[in-house]
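Trainee: This is the content of coords.pdb (PDB, C-alpha atoms):
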ATOM      1  CA  MET A   1       0.000   0.000   0.000
ATOM      2  CA  ASN A   2       1.349   3.416  -0.942
ATOM      3  CA  THR A   3       1.834   5.974   1.810
ATOM      4  CA  ILE A   4      -1.167   8.313   1.991
ATOM      5  CA  ARG A   5      -0.047  11.918   2.305
ATOM      6  CA  HIS A   6      -3.407  13.595   1.596
ATOM      7  CA  ASP A   7      -6.182  11.483   3.102
ATOM      8  CA  PHE A   8      -9.668  12.230   1.765
ATOM      9  CA  ARG A   9     -11.060   8.704   2.191
ATOM     10  CA  SER A  10     -13.402   9.559   5.064
ATOM     11  CA  ASP A  11     -13.713  11.705   8.175
ATOM     12  CA  THR A  12     -13.366   8.449  10.130
ATOM     13  CA  VAL A  13      -9.585   8.565   9.556
ATOM     14  CA  THR A  14      -9.022  11.500  11.936
ATOM     15  CA  ARG A  15      -6.477  11.057  14.698
ATOM     16  CA  PRO A  16      -6.894  12.358  18.247
ATOM     17  CA  SER A  17      -5.262  15.746  18.767
ATOM     18  CA  ALA A  18      -2.796  16.406  21.556
ATOM     19  CA  GLY A  19      -5.538  18.092  23.577
ATOM     20  CA  MET A  20      -7.862  15.143  23.115
ATOM     21  CA  ARG A  21      -5.148  12.662  24.088
ATOM     22  CA  ALA A  22      -4.452  14.685  27.226
ATOM     23  CA  ALA A  23      -8.146  14.631  28.140
ATOM     24  CA  MET A  24      -8.220  10.857  27.634
ATOM     25  CA  ALA A  25      -5.127  10.347  29.779
ATOM     26  CA  ALA A  26      -6.618  12.436  32.588
ATOM     27  CA  ALA A  27     -10.091  10.852  32.482
ATOM     28  CA  GLU A  28     -11.644   9.666  35.711
ATOM     29  CA  VAL A  29     -12.962   6.145  35.180
ATOM     30  CA  GLY A  30     -15.164   3.544  36.805
ATOM     31  CA  ASP A  31     -17.050   0.541  35.451
ATOM     32  CA  ASP A  32     -19.658   1.580  32.925
ATOM     33  CA  VAL A  33     -21.505  -1.756  32.974
ATOM     34  CA  PHE A  34     -22.147  -1.081  36.660
ATOM     35  CA  GLY A  35     -23.076   2.474  35.704
ATOM     36  CA  ASP A  36     -20.374   4.130  37.777
ATOM     37  CA  ASP A  37     -17.933   5.484  35.203
ATOM     38  CA  PRO A  38     -18.216   9.225  35.909
ATOM     39  CA  THR A  39     -16.840  10.348  32.547
ATOM     40  CA  VAL A  40     -19.246   8.141  30.578
ATOM     41  CA  ASN A  41     -22.105   9.385  32.732
ATOM     42  CA  LEU A  42     -21.071  12.982  32.121
ATOM     43  CA  LEU A  43     -20.892  12.446  28.351
ATOM     44  CA  GLU A  44     -24.351  10.875  28.305
ATOM     45  CA  GLN A  45     -25.806  13.670  30.420
ATOM     46  CA  ARG A  46     -24.106  16.332  28.299
ATOM     47  CA  MET A  47     -25.392  14.848  25.038
ATOM     48  CA  ALA A  48     -28.933  14.438  26.355
ATOM     49  CA  GLY A  49     -28.841  18.054  27.509
ATOM     50  CA  LEU A  50     -27.457  19.357  24.209
ATOM     51  CA  LEU A  51     -30.189  17.600  22.240
ATOM     52  CA  LYS A  52     -32.869  18.316  24.886
ATOM     53  CA  LYS A  53     -33.782  14.641  25.144
ATOM     54  CA  GLU A  54     -34.491  12.550  28.220
ATOM     55  CA  ALA A  55     -31.539  10.154  28.180
ATOM     56  CA  ALA A  56     -28.488   8.939  26.280
ATOM     57  CA  ILE A  57     -26.208   5.909  26.042
ATOM     58  CA  PHE A  58     -22.566   5.744  24.910
ATOM     59  CA  VAL A  59     -21.854   2.887  22.483
ATOM     60  CA  PRO A  60     -18.807   1.671  20.522
ATOM     61  CA  SER A  61     -20.046   2.509  17.015
ATOM     62  CA  GLY A  62     -22.671   4.213  14.895
ATOM     63  CA  THR A  63     -23.698   0.840  13.501
ATOM     64  CA  GLN A  64     -24.485  -0.392  16.995
ATOM     65  CA  SER A  65     -26.219   2.864  17.862
ATOM     66  CA  ASN A  66     -28.590   2.550  14.902
ATOM     67  CA  LEU A  67     -29.183  -1.132  15.628
ATOM     68  CA  LEU A  68     -29.999  -0.406  19.274
ATOM     69  CA  ALA A  69     -32.445   2.283  18.193
ATOM     70  CA  LEU A  70     -34.246  -0.073  15.818
ATOM     71  CA  MET A  71     -34.316  -2.850  18.439
ATOM     72  CA  SER A  72     -35.764  -0.397  20.962
ATOM     73  CA  HIS A  73     -38.539   0.699  18.610
ATOM     74  CA  CYS A  74     -39.271  -2.771  17.196
ATOM     75  CA  GLY A  75     -39.886  -6.308  18.392
ATOM     76  CA  ARG A  76     -39.143  -9.534  16.540
ATOM     77  CA  GLY A  77     -41.040  -9.617  13.267
ATOM     78  CA  ASP A  78     -41.694  -5.873  13.213
ATOM     79  CA  GLU A  79     -40.611  -3.559  10.411
ATOM     80  CA  PHE A  80     -38.701  -0.312   9.948
ATOM     81  CA  ILE A  81     -38.972   2.022   6.960
ATOM     82  CA  ALA A  82     -35.753   3.562   5.602
ATOM     83  CA  GLY A  83     -34.305   4.853   2.364
ATOM     84  CA  GLN A  84     -32.975   2.439  -0.253
ATOM     85  CA  ASN A  85     -29.478   3.862   0.274
ATOM     86  CA  ALA A  86     -29.805   4.625   3.977
ATOM     87  CA  HIS A  87     -26.828   3.573   6.064
ATOM     88  CA  CYS A  88     -28.940   1.566   8.536
ATOM     89  CA  TYR A  89     -30.445  -0.436   5.654
ATOM     90  CA  LYS A  90     -27.635  -0.782   3.125
ATOM     91  CA  TYR A  91     -24.302  -0.437   4.918
ATOM     92  CA  GLU A  92     -24.686  -2.104   8.324
ATOM     93  CA  GLY A  93     -24.408  -5.764   7.396
ATOM     94  CA  GLY A  94     -28.112  -6.495   7.655
ATOM     95  CA  GLY A  95     -27.797  -6.302  11.434
ATOM     96  CA  ALA A  96     -31.415  -5.285  12.039
ATOM     97  CA  ALA A  97     -32.608  -8.432  10.270
ATOM     98  CA  VAL A  98     -29.893 -10.795  11.505
ATOM     99  CA  LEU A  99     -29.623  -9.674  15.136
ATOM    100  CA  GLY A 100     -32.934  -7.928  15.752
ATOM    101  CA  SER A 101     -35.267 -10.070  13.601
ATOM    102  CA  ILE A 102     -36.559  -6.764  12.197
ATOM    103  CA  GLN A 103     -37.691  -6.531   8.584
ATOM    104  CA  PRO A 104     -36.560  -3.521   6.555
ATOM    105  CA  GLN A 105     -38.914  -1.784   4.132
ATOM    106  CA  PRO A 106     -36.693   0.261   1.815
ATOM    107  CA  ILE A 107     -38.093   3.276  -0.039
ATOM    108  CA  ALA A 108     -36.500   4.794  -3.152
ATOM    109  CA  HIS A 109     -34.827   8.161  -2.804
ATOM    110  CA  ARG A 110     -35.780  11.103  -4.955
ATOM    111  CA  ALA A 111     -33.063  13.072  -6.764
ATOM    112  CA  ASP A 112     -32.598  15.391  -3.783
ATOM    113  CA  GLY A 113     -32.078  12.494  -1.355
ATOM    114  CA  THR A 114     -35.508  12.688   0.270
ATOM    115  CA  MET A 115     -38.184  10.001   0.137
ATOM    116  CA  ASP A 116     -41.678  10.601  -1.237
ATOM    117  CA  PRO A 117     -44.066  10.979   1.724
ATOM    118  CA  ARG A 118     -46.825   9.267  -0.271
ATOM    119  CA  GLU A 119     -44.634   6.205  -0.797
ATOM    120  CA  ILE A 120     -43.822   6.088   2.898
ATOM    121  CA  GLU A 121     -47.483   6.260   3.878
ATOM    122  CA  GLY A 122     -48.304   3.623   1.284
ATOM    123  CA  ALA A 123     -45.698   1.269   2.771
ATOM    124  CA  ILE A 124     -46.975   1.444   6.365
ATOM    125  CA  LYS A 125     -48.508  -1.854   7.494
ATOM    126  CA  LYS A 126     -50.573  -2.334  10.650
ATOM    127  CA  GLY A 127     -53.304  -4.683  11.760
ATOM    128  CA  ASP A 128     -52.894  -7.379   9.095
ATOM    129  CA  SER A 129     -51.272 -10.663  10.133
ATOM    130  CA  HIS A 130     -49.933 -11.191   6.597
ATOM    131  CA  PHE A 131     -47.433  -8.376   7.065
ATOM    132  CA  ALA A 132     -44.685  -7.340   9.430
ATOM    133  CA  THR A 133     -46.001  -4.453  11.530
ATOM    134  CA  THR A 134     -44.386  -1.115  10.811
ATOM    135  CA  ARG A 135     -43.032   0.465  14.004
ATOM    136  CA  VAL A 136     -40.577   3.199  13.064
ATOM    137  CA  ILE A 137     -39.432   5.458  10.222
ATOM    138  CA  ALA A 138     -35.664   5.965  10.050
ATOM    139  CA  LEU A 139     -34.235   9.064   8.377
ATOM    140  CA  GLU A 140     -30.613  10.042   7.733
ATOM    141  CA  ASN A 141     -29.302  13.615   7.805
ATOM    142  CA  THR A 142     -26.852  14.492   6.456
ATOM    143  CA  PHE A 143     -27.392  12.057   3.590
ATOM    144  CA  GLY A 144     -24.225  11.521   1.566
ATOM    145  CA  GLY A 145     -23.080  14.916   2.800
ATOM    146  CA  ARG A 146     -26.277  16.610   1.633
ATOM    147  CA  VAL A 147     -28.346  18.480   4.211
ATOM    148  CA  LEU A 148     -31.983  17.459   3.833
ATOM    149  CA  PRO A 149     -34.528  20.196   4.630
ATOM    150  CA  VAL A 150     -35.840  20.596   8.159
ATOM    151  CA  GLU A 151     -39.294  20.956   6.618
ATOM    152  CA  TYR A 152     -38.934  17.465   5.168
ATOM    153  CA  MET A 153     -38.065  16.024   8.574
ATOM    154  CA  LEU A 154     -41.076  17.763  10.108
ATOM    155  CA  GLU A 155     -43.305  16.306   7.384
ATOM    156  CA  MET A 156     -41.980  12.829   8.160
ATOM    157  CA  ALA A 157     -42.617  13.453  11.846
ATOM    158  CA  GLY A 158     -46.213  14.315  11.029
ATOM    159  CA  ILE A 159     -46.633  11.017   9.182
ATOM    160  CA  ALA A 160     -45.074   9.090  12.065
ATOM    161  CA  ARG A 161     -47.381  10.710  14.612
ATOM    162  CA  LYS A 162     -50.427  10.211  12.404
ATOM    163  CA  HIS A 163     -49.786   6.468  12.239
ATOM    164  CA  GLY A 164     -48.483   5.984  15.778
ATOM    165  CA  LEU A 165     -44.930   5.235  14.649
ATOM    166  CA  GLY A 166     -41.567   6.069  16.138
ATOM    167  CA  LEU A 167     -39.141   8.360  14.321
ATOM    168  CA  HIS A 168     -35.382   7.719  14.382
ATOM    169  CA  LEU A 169     -32.596   9.892  13.004
ATOM    170  CA  ASP A 170     -29.283   8.487  11.875
ATOM    171  CA  GLY A 171     -27.523  11.758  12.637
ATOM    172  CA  ALA A 172     -23.970  10.484  12.306
ATOM    173  CA  ARG A 173     -23.052  13.903  10.864
ATOM    174  CA  ALA A 174     -25.931  15.886  12.364
ATOM    175  CA  PHE A 175     -23.553  18.546  13.687
ATOM    176  CA  ASN A 176     -22.322  19.113  10.120
ATOM    177  CA  ALA A 177     -25.930  19.776   9.156
ATOM    178  CA  THR A 178     -26.584  22.201  12.001
ATOM    179  CA  VAL A 179     -23.385  24.141  11.309
ATOM    180  CA  GLN A 180     -24.367  24.452   7.654
ATOM    181  CA  LEU A 181     -27.931  25.515   8.524
ATOM    182  CA  GLY A 182     -26.889  27.773  11.394
ATOM    183  CA  ILE A 183     -29.367  26.256  13.854
ATOM    184  CA  ASP A 184     -29.092  24.630  17.264
ATOM    185  CA  ILE A 185     -28.745  20.855  17.403
ATOM    186  CA  ALA A 186     -31.749  20.589  19.760
ATOM    187  CA  GLU A 187     -33.982  22.349  17.237
ATOM    188  CA  PHE A 188     -32.680  20.110  14.457
ATOM    189  CA  VAL A 189     -33.483  16.851  16.289
ATOM    190  CA  ALA A 190     -36.654  18.009  18.048
ATOM    191  CA  PRO A 191     -39.082  15.855  15.979
ATOM    192  CA  PHE A 192     -37.258  12.574  16.704
ATOM    193  CA  ASP A 193     -37.809   9.940  19.372
ATOM    194  CA  SER A 194     -34.239   8.676  19.020
ATOM    195  CA  VAL A 195     -31.083  10.124  17.481
ATOM    196  CA  SER A 196     -27.693   8.541  16.764
ATOM    197  CA  ILE A 197     -24.725  10.943  16.945
ATOM    198  CA  CYS A 198     -21.275   9.797  15.805
ATOM    199  CA  LEU A 199     -18.243  11.138  17.675
ATOM    200  CA  SER A 200     -15.594   9.525  15.478
ATOM    201  CA  LYS A 201     -16.263  11.275  12.159
ATOM    202  CA  GLY A 202     -15.976  15.050  11.780
ATOM    203  CA  LEU A 203     -15.836  15.534  15.542
ATOM    204  CA  GLY A 204     -12.516  13.692  15.616
ATOM    205  CA  ALA A 205     -12.861  11.200  18.474
ATOM    206  CA  PRO A 206     -11.133   7.842  17.925
ATOM    207  CA  VAL A 207     -14.234   5.734  18.606
ATOM    208  CA  GLY A 208     -17.824   5.918  19.768
ATOM    209  CA  SER A 209     -21.361   7.131  19.157
ATOM    210  CA  VAL A 210     -24.148   8.259  21.445
ATOM    211  CA  LEU A 211     -27.790   7.208  21.130
ATOM    212  CA  VAL A 212     -30.060   9.899  22.544
ATOM    213  CA  GLY A 213     -33.814   9.901  23.001
ATOM    214  CA  ARG A 214     -36.810   8.974  25.111
ATOM    215  CA  ALA A 215     -35.960   7.418  28.451
ATOM    216  CA  ASP A 216     -37.858   4.182  27.772
ATOM    217  CA  LEU A 217     -36.052   3.670  24.466
ATOM    218  CA  ILE A 218     -32.643   4.269  26.024
ATOM    219  CA  GLU A 219     -33.438   1.890  28.888
ATOM    220  CA  THR A 220     -34.222  -0.855  26.364
ATOM    221  CA  ALA A 221     -31.094   0.059  24.396
ATOM    222  CA  ARG A 222     -28.955  -0.314  27.511
ATOM    223  CA  ARG A 223     -30.124  -3.895  28.028
ATOM    224  CA  ASN A 224     -29.657  -4.697  24.340
ATOM    225  CA  ARG A 225     -26.195  -3.105  24.315
ATOM    226  CA  LYS A 226     -25.130  -5.665  26.917
ATOM    227  CA  MET A 227     -26.676  -8.479  24.886
ATOM    228  CA  LEU A 228     -24.836  -7.351  21.767
ATOM    229  CA  GLY A 229     -21.491  -7.232  23.555
ATOM    230  CA  GLY A 230     -21.291  -3.457  23.645
ATOM    231  CA  GLY A 231     -20.961  -3.078  27.402
ATOM    232  CA  MET A 232     -17.564  -1.531  28.125
ATOM    233  CA  ARG A 233     -15.792  -1.245  31.466
ATOM    234  CA  GLN A 234     -13.371   1.685  32.018
ATOM    235  CA  ALA A 235     -14.867   3.410  28.996
ATOM    236  CA  GLY A 236     -14.331   6.870  30.464
ATOM    237  CA  ILE A 237     -11.045   7.027  28.577
ATOM    238  CA  LEU A 238     -13.058   6.940  25.344
ATOM    239  CA  ALA A 239     -15.884   9.088  26.661
ATOM    240  CA  ALA A 240     -13.354  11.801  27.534
ATOM    241  CA  ALA A 241     -12.460  11.993  23.843
ATOM    242  CA  GLY A 242     -16.152  12.419  23.046
ATOM    243  CA  LEU A 243     -16.522  15.216  25.616
ATOM    244  CA  TYR A 244     -13.479  16.974  24.178
ATOM    245  CA  ALA A 245     -14.923  16.583  20.684
ATOM    246  CA  ILE A 246     -18.280  18.193  21.409
ATOM    247  CA  GLU A 247     -16.642  20.985  23.402
ATOM    248  CA  ASN A 248     -13.906  21.819  20.875
ATOM    249  CA  ASN A 249     -14.648  20.401  17.425
ATOM    250  CA  VAL A 250     -18.203  21.407  16.534
ATOM    251  CA  ALA A 251     -17.796  25.071  15.560
ATOM    252  CA  ARG A 252     -14.702  24.265  13.493
ATOM    253  CA  LEU A 253     -16.716  21.983  11.166
ATOM    254  CA  VAL A 254     -17.300  25.089   9.051
ATOM    255  CA  GLU A 255     -13.625  24.890   8.087
ATOM    256  CA  ASP A 256     -14.147  21.388   6.660
ATOM    257  CA  HIS A 257     -17.120  22.666   4.659
ATOM    258  CA  GLN A 258     -15.107  25.580   3.285
ATOM    259  CA  ARG A 259     -12.250  23.313   2.260
ATOM    260  CA  ALA A 260     -14.656  20.888   0.589
ATOM    261  CA  LYS A 261     -16.083  23.760  -1.452
ATOM    262  CA  ARG A 262     -12.615  24.956  -2.468
ATOM    263  CA  LEU A 263     -11.678  21.419  -3.439
ATOM    264  CA  ALA A 264     -14.858  21.071  -5.480
ATOM    265  CA  GLU A 265     -14.248  24.368  -7.281
ATOM    266  CA  GLY A 266     -10.726  23.294  -8.171
ATOM    267  CA  LEU A 267     -11.805  19.889  -9.474
ATOM    268  CA  ALA A 268     -14.629  21.458 -11.465
ATOM    269  CA  GLN A 269     -12.036  23.262 -13.606
ATOM    270  CA  HIS A 270     -11.643  19.982 -15.486
ATOM    271  CA  LYS A 271     -14.515  19.458 -17.920
ATOM    272  CA  ALA A 272     -14.115  15.674 -17.805
ATOM    273  CA  LEU A 273     -15.186  15.713 -14.153
ATOM    274  CA  LYS A 274     -18.788  16.240 -13.121
ATOM    275  CA  VAL A 275     -18.572  17.752  -9.652
ATOM    276  CA  VAL A 276     -21.526  17.997  -7.277
ATOM    277  CA  MET A 277     -20.982  21.088  -5.152
ATOM    278  CA  PRO A 278     -21.018  20.021  -1.495
ATOM    279  CA  ASP A 279     -23.338  21.173   1.279
ATOM    280  CA  THR A 280     -20.936  20.022   3.981
ATOM    281  CA  ASN A 281     -17.684  18.042   4.000
ATOM    282  CA  ILE A 282     -18.451  15.352   1.395
ATOM    283  CA  LEU A 283     -18.251  15.896  -2.350
ATOM    284  CA  TRP A 284     -19.061  13.525  -5.160
ATOM    285  CA  ILE A 285     -17.407  13.408  -8.569
ATOM    286  CA  GLU A 286     -18.344  11.442 -11.652
ATOM    287  CA  ALA A 287     -16.329  10.745 -14.773
ATOM    288  CA  GLU A 288     -16.353   8.296 -17.635
ATOM    289  CA  ALA A 289     -15.566   4.959 -15.997
ATOM    290  CA  GLU A 290     -12.209   4.258 -17.669
ATOM    291  CA  LEU A 291     -10.973   7.805 -17.060
ATOM    292  CA  GLY A 292     -12.179   7.746 -13.473
ATOM    293  CA  ASP A 293     -10.400   4.478 -12.771
ATOM    294  CA  ARG A 294      -7.147   5.834 -14.235
ATOM    295  CA  LEU A 295      -7.458   8.973 -12.131
ATOM    296  CA  ASN A 296      -8.124   6.911  -8.990
ATOM    297  CA  LEU A 297      -5.025   4.816  -9.676
ATOM    298  CA  TYR A 298      -2.874   7.869 -10.386
ATOM    299  CA  LEU A 299      -3.941   9.625  -7.210
ATOM    300  CA  GLY A 300      -3.350   6.504  -5.143
ATOM    301  CA  GLU A 301       0.132   6.096  -6.588
ATOM    302  CA  HIS A 302       0.907   9.701  -5.639
ATOM    303  CA  GLY A 303      -0.323   9.553  -2.067
ATOM    304  CA  VAL A 304      -3.895  10.854  -2.335
ATOM    305  CA  GLY A 305      -6.434   8.669  -0.548
ATOM    306  CA  ILE A 306     -10.010   8.734  -1.854
ATOM    307  CA  THR A 307     -12.793   6.196  -2.260
ATOM    308  CA  GLY A 308     -14.529   5.386  -5.508
ATOM    309  CA  ARG A 309     -15.026   3.024  -8.418
ATOM    310  CA  TYR A 310     -16.677   2.856 -11.829
ATOM    311  CA  GLY A 311     -15.799   6.507 -12.399
ATOM    312  CA  GLN A 312     -17.402   7.811  -9.221
ATOM    313  CA  GLN A 313     -15.291   9.345  -6.473
ATOM    314  CA  ARG A 314     -16.047  10.496  -2.942
ATOM    315  CA  TRP A 315     -13.777  13.061  -1.326
ATOM    316  CA  VAL A 316     -14.207  13.902   2.378
ATOM    317  CA  THR A 317     -12.594  16.781   4.243
ATOM    318  CA  HIS A 318     -12.006  16.653   7.989
ATOM    319  CA  LEU A 319      -9.916  18.161  10.776
ATOM    320  CA  ASP A 320      -6.729  16.468   9.551
ATOM    321  CA  VAL A 321      -7.117  17.922   6.039
ATOM    322  CA  THR A 322      -5.274  21.235   5.698
ATOM    323  CA  ASP A 323      -5.163  23.889   2.994
ATOM    324  CA  GLU A 324      -1.858  22.345   1.931
ATOM    325  CA  ASP A 325      -3.604  18.990   1.420
ATOM    326  CA  ILE A 326      -6.166  20.679  -0.825
ATOM    327  CA  ASP A 327      -3.429  22.397  -2.814
ATOM    328  CA  GLY A 328      -1.401  19.199  -3.145
ATOM    329  CA  ALA A 329      -4.354  17.114  -4.321
ATOM    330  CA  LEU A 330      -5.498  19.717  -6.846
ATOM    331  CA  ALA A 331      -1.968  20.042  -8.230
ATOM    332  CA  LEU A 332      -1.832  16.287  -8.824
ATOM    333  CA  VAL A 333      -5.208  16.322 -10.598
ATOM    334  CA  ASP A 334      -3.987  19.214 -12.761
ATOM    335  CA  THR A 335      -0.849  17.243 -13.660
ATOM    336  CA  PHE A 336      -2.910  14.150 -14.507
ATOM    337  CA  PHE A 337      -5.037  16.057 -17.011
ATOM    338  CA  ALA A 338      -2.077  17.999 -18.378
ATOM    339  CA  ASN A 339      -0.401  14.708 -19.296
TER     340      ASN A 339
END
Would you mind giving the structure from this file in structure tokens?
Mentor:
Amino acid sequence: MNTIRHDFRSDTVTRPSAGMRAAMAAAEVGDDVFGDDPTVNLLEQRMAGLLKKEAAIFVPSGTQSNLLALMSHCGRGDEFIAGQNAHCYKYEGGGAAVLGSIQPQPIAHRADGTMDPREIEGAIKKGDSHFATTRVIALENTFGGRVLPVEYMLEMAGIARKHGLGLHLDGARAFNATVQLGIDIAEFVAPFDSVSICLSKGLGAPVGSVLVGRADLIETARRNRKMLGGGMRQAGILAAAGLYAIENNVARLVEDHQRAKRLAEGLAQHKALKVVMPDTNILWIEAEAELGDRLNLYLGEHGVGITGRYGQQRWVTHLDVTDEDIDGALALVDTFFAN
């Protein structure tokens, strides 16, 4: 594997800063399974307070956080509704079905990333023994880096309430959305019964997510976390990184968004590349498949890490991407097309 000098693969690749490492080293710890790790408790209380929800639980990953939410809303043989390309449906190993015995009902996305409310209502099933019973609608925001409208989330909340369903938000990058919209995180998540917040993406913690929501849902999630093997002991060392992240790395997300826009503008100078201007820190690029594959190979050989195939590329900016990384990557793309 070539050494990666400019790493745009994902915001999951961030490394803890010196300040974060110091906070981790100084963390007061206990045993979180017994409920007496003070730093974990503080993180959970802080997150619940920030989002103005009743309770929260610290978990190892966003995948587990989403799974715990679905298992809290649903019983065996129940159903959740999510987008065809939603992370909790497509990219989490089928965990809801395999581990929760929960049936997914995927809905196609429209061009803007939303789902058609009429299709969602048409897919809801209740009171007929032939079908799995729909229990919850799961949304994702941001979706592929795109910020979906608050009005859309409120409309989905109205449908959920009308049909007596729960509403879950995969908000892995919810803070990116709120920074872009200029609104408070509590206002953004207000319609939801449960919300998953990732600490290890743009916020820069090395590991961990927090599931926040109604007290009864979080109580069920805590039991299921143990069953799934997610109970950690002296987890305050990790929770301290999460506390540092939400105290120091939220406002600076705007820098990632600015760099993503500058990167997109530079790449768009090449007519062979179709660049989707980013809302936040993720930008998508399309090219003719053979050209895109050659560009991917060239960048990899010259130390630029991205993800992509079949001509499509995803570039992600984050706190370890500097202006010099942007300049270096754009210079390599310029050289590729010049040759």
Trainee: Which residues would end up in the selection if the PyMOL selection byres ((chain A and resi 168) around 12) were applied here, given that I need the answer as a PyMOL selection string?
Mentor: chain A and resi 65-74+80-82+88+135-141+153+156-157+160+165-167+169-172+189-197+211-214+217
Trainee: Can you measure atom CA of Leu50 of chain A to atom CA of Ala186 of chain A for me? One decimal in Å is fine.
Mentor: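 These atoms are spaced 6.3 Å apart.
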Trainee: Which residue is closest to Phe8 of chain A? Choose from A:Gly202, A:Gly208, A:Gly305, A:Pro117 and count only C-alpha atoms.
Mentor: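 Checking each candidate against Phe8 of chain A, we get A:Gly305 as the closest.
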Trainee: If we draw a sphere of 12 Å around (-30.3, -0.3, 30.5), which residues have at least one atom in it when counting only C-alpha atoms? Please report them as a list in words.
Mentor: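 It turns out the residues near that spot are Asp32, Val33, Phe34, Gly35, Ala55, Ala56, Ile57, Phe58, Leu68, Ser72, Ala215, Asp216, Leu217, Ile218, Glu219, Thr220, Ala221, Arg222, Arg223, Asn224, Arg225, Lys226, Met227, Gly230 and Gly231 of chain A.
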Trainee: Could you tell me which residues the PyMOL selection byres ((chain A and resi 40-43) around 8) grabs in this file, written as a list in words?
Mentor: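 So the PyMOL selection byres ((chain A and resi 40-43) around 8), applied here, picks out Asp32, Gly35, Asp36, Asp37, Pro38, Thr39, Glu44, Gln45, Arg46, Met47, Phe58, Ala235, Gly236, Ala239, Ala240, Gly242 and Leu243 of chain A.
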Trainee: What does the PyMOL selection byres ((chain A and resi 312-326) around 7) select in this file, as a list in words?
Mentor: His6, Phe8, Arg9, Ser10, Asp11, Thr14, Gly202, Asp256, Arg259, Ala260, Leu263, Asn281, Ile282, Leu283, Trp284, Ile285, Glu286, Ala287, Gly292, Ile306, Thr307, Gly308, Arg309, Tyr310, Gly311, Asp327, Gly328, Ala329 and Leu330 of chain A
Trainee: Applying 8 Å and all atoms listed in the file, which residues near Ile4 of chain A remain after dropping the ones on its own chain fewer than 5 positions away? List them as a PyMOL selection string.
Mentor: chain A and resi 300+303-305
Trainee: Which residue is closest to Val333 of chain A? Choose from A:Ala97, A:Ile183, A:Ala264, A:Leu51 and count only C-alpha atoms.
Mentor: A:Ala264
Trainee: Between atom CA of Met277 of chain A and atom CA of Asp116 of chain A, what is the spacing in Å?
Mentor: 23.5 Å
Trainee: Write out as a list in words each polymer residue whose atoms come within 12 Å of Pro149 of chain A, counting only C-alpha atoms; drop sequence neighbours fewer than 6 positions from it.
Mentor: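 Returned residues: Asp112, Gly113, Thr114, Met115, Leu139, Glu140, Asn141, Thr142, Phe143, Glu155, Met156, Ala177, Thr178, Gln180, Leu181, Phe188 and Asp279 of chain A.
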Trainee: Of the candidates A:Val179, A:Thr335, A:Tyr91, A:Ala268, which one gets nearest to His302 of chain A if we count only C-alpha atoms?
Mentor: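 Looking only at the distances to His302 of chain A, the closest residue turns out to be A:Thr335.
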Trainee: Please provide as a PyMOL selection string all residues within 7 Å of Leu199 of chain A, with the sequence filter that same-chain residues fewer than 3 positions apart are discarded (counting all atoms listed in the file).
Mentor: chain A and resi 203-205+207-209+242
Trainee: Between atom CA of Ile107 of chain A and atom CA of Glu288 of chain A, what is the distance, to one decimal in Å?
Mentor: 28.4 Å
Trainee: For each of A:Gly158, A:Ala174, A:Ser200, A:Arg76, take the minimum atom-to-atom distance to Tyr244 of chain A, counting all atoms listed in the file, then give the residue where this is smallest.
Mentor: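 Answer, going by the shortest atom-to-atom distance: A:Ser200.
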Trainee: I need the residue nearest Ala132 of chain A from this list: A:Gly95, A:Pro104, A:Gly145, A:Gly182. Use all atoms listed in the file for the distance.
Mentor: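 Of the candidates, the smallest distance to Ala132 of chain A is held by A:Pro104.
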Trainee: So that all listed atoms of segment 155-162 of chain A fit with 3 Å spare on each side, what axis-aligned box centre and edge lengths in Å, to one decimal, would you give as AutoDock Vina command-line options?
Mentor:
--center_x -46.2 --center_y 12.7 --center_z 11.0 --size_x 14.4 --size_y 13.2 --size_z 13.2
Trainee: Which of these, A:Ile102, A:Ala26, A:Leu238, A:Ala48, has the shortest distance to Pro60 of chain A once you count only C-alpha atoms?
Mentor: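 Answer, going by the shortest atom-to-atom distance: A:Leu238.
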